Every structure is written in structure tokens, then in C-alpha cells.
file input.cif (mmCIF, C-alpha atoms)
data_start
loop_
_atom_site.group_PDB
_atom_site.id
_atom_site.type_symbol
_atom_site.label_atom_id
_atom_site.label_comp_id
_atom_site.auth_asym_id
_atom_site.auth_seq_id
_atom_site.Cartn_x
_atom_site.Cartn_y
_atom_site.Cartn_z
ATOM 1 C CA MET B 1 178.886 191.580 73.672
ATOM 2 C CA LEU B 2 180.389 193.053 70.509
ATOM 3 C CA TYR B 3 177.259 194.911 69.470
ATOM 4 C CA ARG B 4 174.379 196.753 71.097
ATOM 5 C CA LYS B 5 170.828 196.015 70.050
ATOM 6 C CA ASN B 6 169.427 198.785 67.897
ATOM 7 C CA ILE B 7 166.032 197.399 66.883
ATOM 8 C CA THR B 8 163.030 196.869 69.145
ATOM 9 C CA ARG B 9 161.402 193.529 69.907
ATOM 10 C CA PRO B 10 158.322 194.065 67.657
ATOM 11 C CA GLU B 11 160.569 195.163 64.779
ATOM 12 C CA SER B 12 162.728 192.118 65.379
ATOM 13 C CA LEU B 13 159.717 189.795 65.096
ATOM 14 C CA LEU B 14 158.605 191.524 61.887
ATOM 15 C CA ARG B 15 162.071 191.065 60.416
ATOM 16 C CA VAL B 16 161.995 187.326 61.118
ATOM 17 C CA VAL B 17 158.516 186.929 59.606
ATOM 18 C CA GLY B 18 159.492 189.062 56.613
ATOM 19 C CA GLY B 19 162.678 187.043 56.153
ATOM 20 C CA VAL B 20 160.741 183.800 56.035
ATOM 21 C CA ALA B 21 158.402 185.346 53.461
ATOM 22 C CA LEU B 22 161.371 186.488 51.345
ATOM 23 C CA ILE B 23 162.895 183.022 51.402
ATOM 24 C CA ALA B 24 159.578 181.421 50.446
ATOM 25 C CA ALA B 25 159.050 183.909 47.620
ATOM 26 C CA GLY B 26 162.575 183.488 46.319
ATOM 27 C CA LEU B 27 162.630 179.715 46.325
ATOM 28 C CA TRP B 28 159.017 178.868 45.534
ATOM 29 C CA TRP B 29 157.535 181.661 43.425
ATOM 30 C CA LEU B 30 160.701 182.513 41.516
ATOM 31 C CA SER B 31 161.729 178.853 41.190
ATOM 32 C CA ALA B 32 165.224 179.342 42.600
ATOM 33 C CA SER B 33 166.301 181.524 39.683
ATOM 34 C CA PRO B 34 169.265 183.861 40.244
ATOM 35 C CA LEU B 35 166.846 186.611 41.297
ATOM 36 C CA GLY B 36 165.060 184.159 43.582
ATOM 37 C CA LEU B 37 168.316 183.105 45.222
ATOM 38 C CA ALA B 38 169.258 186.748 45.789
ATOM 39 C CA LEU B 39 165.842 187.318 47.368
ATOM 40 C CA ALA B 40 166.292 184.261 49.585
ATOM 41 C CA ALA B 41 169.751 185.472 50.645
ATOM 42 C CA SER B 42 168.305 188.824 51.679
ATOM 43 C CA GLY B 43 165.679 186.898 53.649
ATOM 44 C CA VAL B 44 168.425 185.083 55.531
ATOM 45 C CA GLY B 45 170.042 188.436 56.321
ATOM 46 C CA SER B 46 166.726 189.766 57.582
ATOM 47 C CA ILE B 47 166.222 186.734 59.821
ATOM 48 C CA LEU B 48 169.712 187.080 61.274
ATOM 49 C CA SER B 49 169.174 190.780 61.879
ATOM 50 C CA GLY B 50 165.924 190.047 63.691
ATOM 51 C CA ALA B 51 167.382 187.181 65.700
ATOM 52 C CA PHE B 52 170.295 189.238 67.004
ATOM 53 C CA GLY B 53 168.410 192.526 67.328
ATOM 54 C CA TYR B 54 171.133 194.414 65.498
ATOM 55 C CA CYS B 55 170.904 196.008 62.077
ATOM 56 C CA PRO B 56 174.187 197.246 60.549
ATOM 57 C CA ALA B 57 172.336 199.554 58.138
ATOM 58 C CA CYS B 58 170.487 201.168 61.038
ATOM 59 C CA ALA B 59 173.776 201.615 62.871
ATOM 60 C CA MET B 60 175.348 203.330 59.854
ATOM 61 C CA ARG B 61 172.373 205.698 59.703
ATOM 62 C CA GLY B 62 173.008 206.649 63.333
ATOM 63 C CA ARG B 63 170.128 204.846 65.029
ATOM 64 C CA LYS B 64 170.577 204.860 68.784
ATOM 65 C CA PRO B 65 170.879 201.582 70.721
ATOM 66 C CA VAL B 66 167.772 200.219 72.431
ATOM 67 C CA GLU B 67 167.932 200.196 76.208
#
call {"tool": "encode", "arguments": {"input": "input.cif", "output": "C-alpha cells"}}
result
Amino acid sequence: MLYRKNITRPESLLRVVGGVALIAAGLWWLSASPLGLALAASGVGSILSGAFGYCPACAMRGRKPVE
């Protein structure tokens, strides 16, 4: 494995749910405008972070790996 998980399971689930909400908001409420597409892209990043259990921003801040 090239990375070590640094977010917990509940946080991971919240990231996936939040990512879906960001995608919905970006594509539906903002009508796929440039801001909406940027919001949807950040939602995809949040979903990937939750799915893999690894957050690069948390790692840069020095968050310890989850055992």
C-alpha cells in the first residue's frame, strides 16, 4: 500500500455523503455553471478521499495515521 489511512471510518462516511451533496449542489442548484462544475469537482475529490480513507491535506498538516 502506498499510503496509510489517516481518517477514521465515520469521517470517511461523512466525506462520501458530503461529496454527493457537493456534486448535487454544483450540477443541479448552480446549473452546471463554472462555479457549479468547480463545486462538483471538489465533491469528487471528497468522495475519493472518503473511499480511500486518505486525505492529502490532513497528511500535510501532520495528522497521524489511523491504526
call {"tool": "atom_distance", "arguments": {"input": "input.cif", "atom1": "CA of Pro34 (chain B)", "atom2": "CA of Tyr54 (chain B)"}}
result
27.4 Å
call {"tool": "residues_around", "arguments": {"input": "input.cif", "residues": "region 56-62 of chain B", "least_positions_apart": "2", "cutoff": "12 Å", "atoms": "only C-alpha atoms", "output": "ChimeraX atom specification"}}
result
/B:3-8,45-46,48-50,52-54,64-66
call {"tool": "resolve_selection", "arguments": {"input": "input.cif", "expression": "the PyMOL selection byres ((chain B and resi 16-23) around 9)", "output": "ChimeraX atom specification"}}
result
/B:11-15,24-28,36-37,39-51
call {"tool": "axis_aligned_box", "arguments": {"input": "input.cif", "around": "region 50-58 of chain B", "padding_each_side": "4 Å", "output": "lines of an AutoDock Vina configuration file"}}
result
center_x = 170.1
center_y = 194.2
center_z = 62.7
size_x = 16.3
size_y = 22.0
size_z = 17.2
call {"tool": "build_atoms", "arguments": {"input": "input.cif", "residues": "region 13-46 of chain B", "atoms": "N, CA and C atoms", "output": "PDB file, in the frame of the given file"}}
result
ATOM      1  N   LEU B  13     160.652 190.850  65.498  1.00  0.00           N
ATOM      2  CA  LEU B  13     159.717 189.795  65.096  1.00  0.00           C
ATOM      3  C   LEU B  13     159.255 189.998  63.653  1.00  0.00           C
ATOM      4  N   LEU B  14     159.006 191.244  63.266  1.00  0.00           N
ATOM      5  CA  LEU B  14     158.605 191.524  61.887  1.00  0.00           C
ATOM      6  C   LEU B  14     159.715 191.183  60.899  1.00  0.00           C
ATOM      7  N   ARG B  15     160.950 191.408  61.294  1.00  0.00           N
ATOM      8  CA  ARG B  15     162.071 191.065  60.416  1.00  0.00           C
ATOM      9  C   ARG B  15     162.176 189.560  60.207  1.00  0.00           C
ATOM     10  N   VAL B  16     161.944 188.785  61.244  1.00  0.00           N
ATOM     11  CA  VAL B  16     161.995 187.326  61.118  1.00  0.00           C
ATOM     12  C   VAL B  16     160.867 186.834  60.215  1.00  0.00           C
ATOM     13  N   VAL B  17     159.655 187.332  60.437  1.00  0.00           N
ATOM     14  CA  VAL B  17     158.516 186.929  59.606  1.00  0.00           C
ATOM     15  C   VAL B  17     158.731 187.358  58.157  1.00  0.00           C
ATOM     16  N   GLY B  18     159.214 188.580  57.963  1.00  0.00           N
ATOM     17  CA  GLY B  18     159.492 189.062  56.613  1.00  0.00           C
ATOM     18  C   GLY B  18     160.592 188.266  55.933  1.00  0.00           C
ATOM     19  N   GLY B  19     161.600 187.858  56.705  1.00  0.00           N
ATOM     20  CA  GLY B  19     162.678 187.043  56.153  1.00  0.00           C
ATOM     21  C   GLY B  19     162.195 185.690  55.679  1.00  0.00           C
ATOM     22  N   VAL B  20     161.308 185.087  56.451  1.00  0.00           N
ATOM     23  CA  VAL B  20     160.741 183.800  56.035  1.00  0.00           C
ATOM     24  C   VAL B  20     159.930 183.981  54.752  1.00  0.00           C
ATOM     25  N   ALA B  21     159.183 185.072  54.673  1.00  0.00           N
ATOM     26  CA  ALA B  21     158.402 185.346  53.461  1.00  0.00           C
ATOM     27  C   ALA B  21     159.314 185.573  52.253  1.00  0.00           C
ATOM     28  N   LEU B  22     160.427 186.267  52.440  1.00  0.00           N
ATOM     29  CA  LEU B  22     161.371 186.488  51.345  1.00  0.00           C
ATOM     30  C   LEU B  22     161.985 185.178  50.859  1.00  0.00           C
ATOM     31  N   ILE B  23     162.330 184.310  51.784  1.00  0.00           N
ATOM     32  CA  ILE B  23     162.895 183.022  51.402  1.00  0.00           C
ATOM     33  C   ILE B  23     161.873 182.196  50.631  1.00  0.00           C
ATOM     34  N   ALA B  24     160.640 182.180  51.129  1.00  0.00           N
ATOM     35  CA  ALA B  24     159.578 181.421  50.446  1.00  0.00           C
ATOM     36  C   ALA B  24     159.336 181.980  49.046  1.00  0.00           C
ATOM     37  N   ALA B  25     159.283 183.288  48.928  1.00  0.00           N
ATOM     38  CA  ALA B  25     159.050 183.909  47.620  1.00  0.00           C
ATOM     39  C   ALA B  25     160.208 183.628  46.671  1.00  0.00           C
ATOM     40  N   GLY B  26     161.410 183.698  47.170  1.00  0.00           N
ATOM     41  CA  GLY B  26     162.575 183.488  46.319  1.00  0.00           C
ATOM     42  C   GLY B  26     162.728 182.056  45.834  1.00  0.00           C
ATOM     43  N   LEU B  27     162.420 181.111  46.693  1.00  0.00           N
ATOM     44  CA  LEU B  27     162.630 179.715  46.325  1.00  0.00           C
ATOM     45  C   LEU B  27     161.406 179.073  45.683  1.00  0.00           C
ATOM     46  N   TRP B  28     160.215 179.519  46.056  1.00  0.00           N
ATOM     47  CA  TRP B  28     159.017 178.868  45.534  1.00  0.00           C
ATOM     48  C   TRP B  28     158.438 179.626  44.345  1.00  0.00           C
ATOM     49  N   TRP B  29     158.162 180.919  44.511  1.00  0.00           N
ATOM     50  CA  TRP B  29     157.535 181.661  43.425  1.00  0.00           C
ATOM     51  C   TRP B  29     158.486 181.951  42.282  1.00  0.00           C
ATOM     52  N   LEU B  30     159.745 182.207  42.577  1.00  0.00           N
ATOM     53  CA  LEU B  30     160.701 182.513  41.516  1.00  0.00           C
ATOM     54  C   LEU B  30     161.517 181.290  41.111  1.00  0.00           C
ATOM     55  N   SER B  31     161.147 180.139  41.583  1.00  0.00           N
ATOM     56  CA  SER B  31     161.729 178.853  41.190  1.00  0.00           C
ATOM     57  C   SER B  31     163.251 178.788  41.305  1.00  0.00           C
ATOM     58  N   ALA B  32     163.785 179.378  42.335  1.00  0.00           N
ATOM     59  CA  ALA B  32     165.224 179.342  42.600  1.00  0.00           C
ATOM     60  C   ALA B  32     166.051 179.861  41.425  1.00  0.00           C
ATOM     61  N   SER B  33     165.531 180.853  40.738  1.00  0.00           N
ATOM     62  CA  SER B  33     166.301 181.524  39.683  1.00  0.00           C
ATOM     63  C   SER B  33     167.362 182.399  40.364  1.00  0.00           C
ATOM     64  N   PRO B  34     168.275 182.989  39.604  1.00  0.00           N
ATOM     65  CA  PRO B  34     169.265 183.861  40.244  1.00  0.00           C
ATOM     66  C   PRO B  34     168.624 184.991  41.055  1.00  0.00           C
ATOM     67  N   LEU B  35     167.551 185.574  40.540  1.00  0.00           N
ATOM     68  CA  LEU B  35     166.846 186.611  41.297  1.00  0.00           C
ATOM     69  C   LEU B  35     166.206 186.020  42.551  1.00  0.00           C
ATOM     70  N   GLY B  36     165.659 184.823  42.433  1.00  0.00           N
ATOM     71  CA  GLY B  36     165.060 184.159  43.582  1.00  0.00           C
ATOM     72  C   GLY B  36     166.076 183.825  44.656  1.00  0.00           C
ATOM     73  N   LEU B  37     167.259 183.399  44.245  1.00  0.00           N
ATOM     74  CA  LEU B  37     168.316 183.105  45.222  1.00  0.00           C
ATOM     75  C   LEU B  37     168.800 184.371  45.921  1.00  0.00           C
ATOM     76  N   ALA B  38     168.874 185.471  45.179  1.00  0.00           N
ATOM     77  CA  ALA B  38     169.258 186.748  45.789  1.00  0.00           C
ATOM     78  C   ALA B  38     168.201 187.191  46.799  1.00  0.00           C
ATOM     79  N   LEU B  39     166.933 186.983  46.465  1.00  0.00           N
ATOM     80  CA  LEU B  39     165.842 187.318  47.368  1.00  0.00           C
ATOM     81  C   LEU B  39     165.894 186.440  48.617  1.00  0.00           C
ATOM     82  N   ALA B  40     166.178 185.172  48.439  1.00  0.00           N
ATOM     83  CA  ALA B  40     166.292 184.261  49.585  1.00  0.00           C
ATOM     84  C   ALA B  40     167.482 184.638  50.470  1.00  0.00           C
ATOM     85  N   ALA B  41     168.581 185.050  49.863  1.00  0.00           N
ATOM     86  CA  ALA B  41     169.751 185.472  50.645  1.00  0.00           C
ATOM     87  C   ALA B  41     169.436 186.714  51.467  1.00  0.00           C
ATOM     88  N   SER B  42     168.677 187.639  50.905  1.00  0.00           N
ATOM     89  CA  SER B  42     168.305 188.824  51.679  1.00  0.00           C
ATOM     90  C   SER B  42     167.345 188.437  52.802  1.00  0.00           C
ATOM     91  N   GLY B  43     166.550 187.404  52.588  1.00  0.00           N
ATOM     92  CA  GLY B  43     165.679 186.898  53.649  1.00  0.00           C
ATOM     93  C   GLY B  43     166.476 186.323  54.798  1.00  0.00           C
ATOM     94  N   VAL B  44     167.550 185.621  54.478  1.00  0.00           N
ATOM     95  CA  VAL B  44     168.425 185.083  55.531  1.00  0.00           C
ATOM     96  C   VAL B  44     169.044 186.227  56.322  1.00  0.00           C
ATOM     97  N   GLY B  45     169.478 187.272  55.633  1.00  0.00           N
ATOM     98  CA  GLY B  45     170.042 188.436  56.321  1.00  0.00           C
ATOM     99  C   GLY B  45     169.025 189.106  57.223  1.00  0.00           C
ATOM    100  N   SER B  46     167.789 189.175  56.778  1.00  0.00           N
ATOM    101  CA  SER B  46     166.726 189.766  57.582  1.00  0.00           C
ATOM    102  C   SER B  46     166.448 188.927  58.826  1.00  0.00           C
TER     103      SER B  46
END
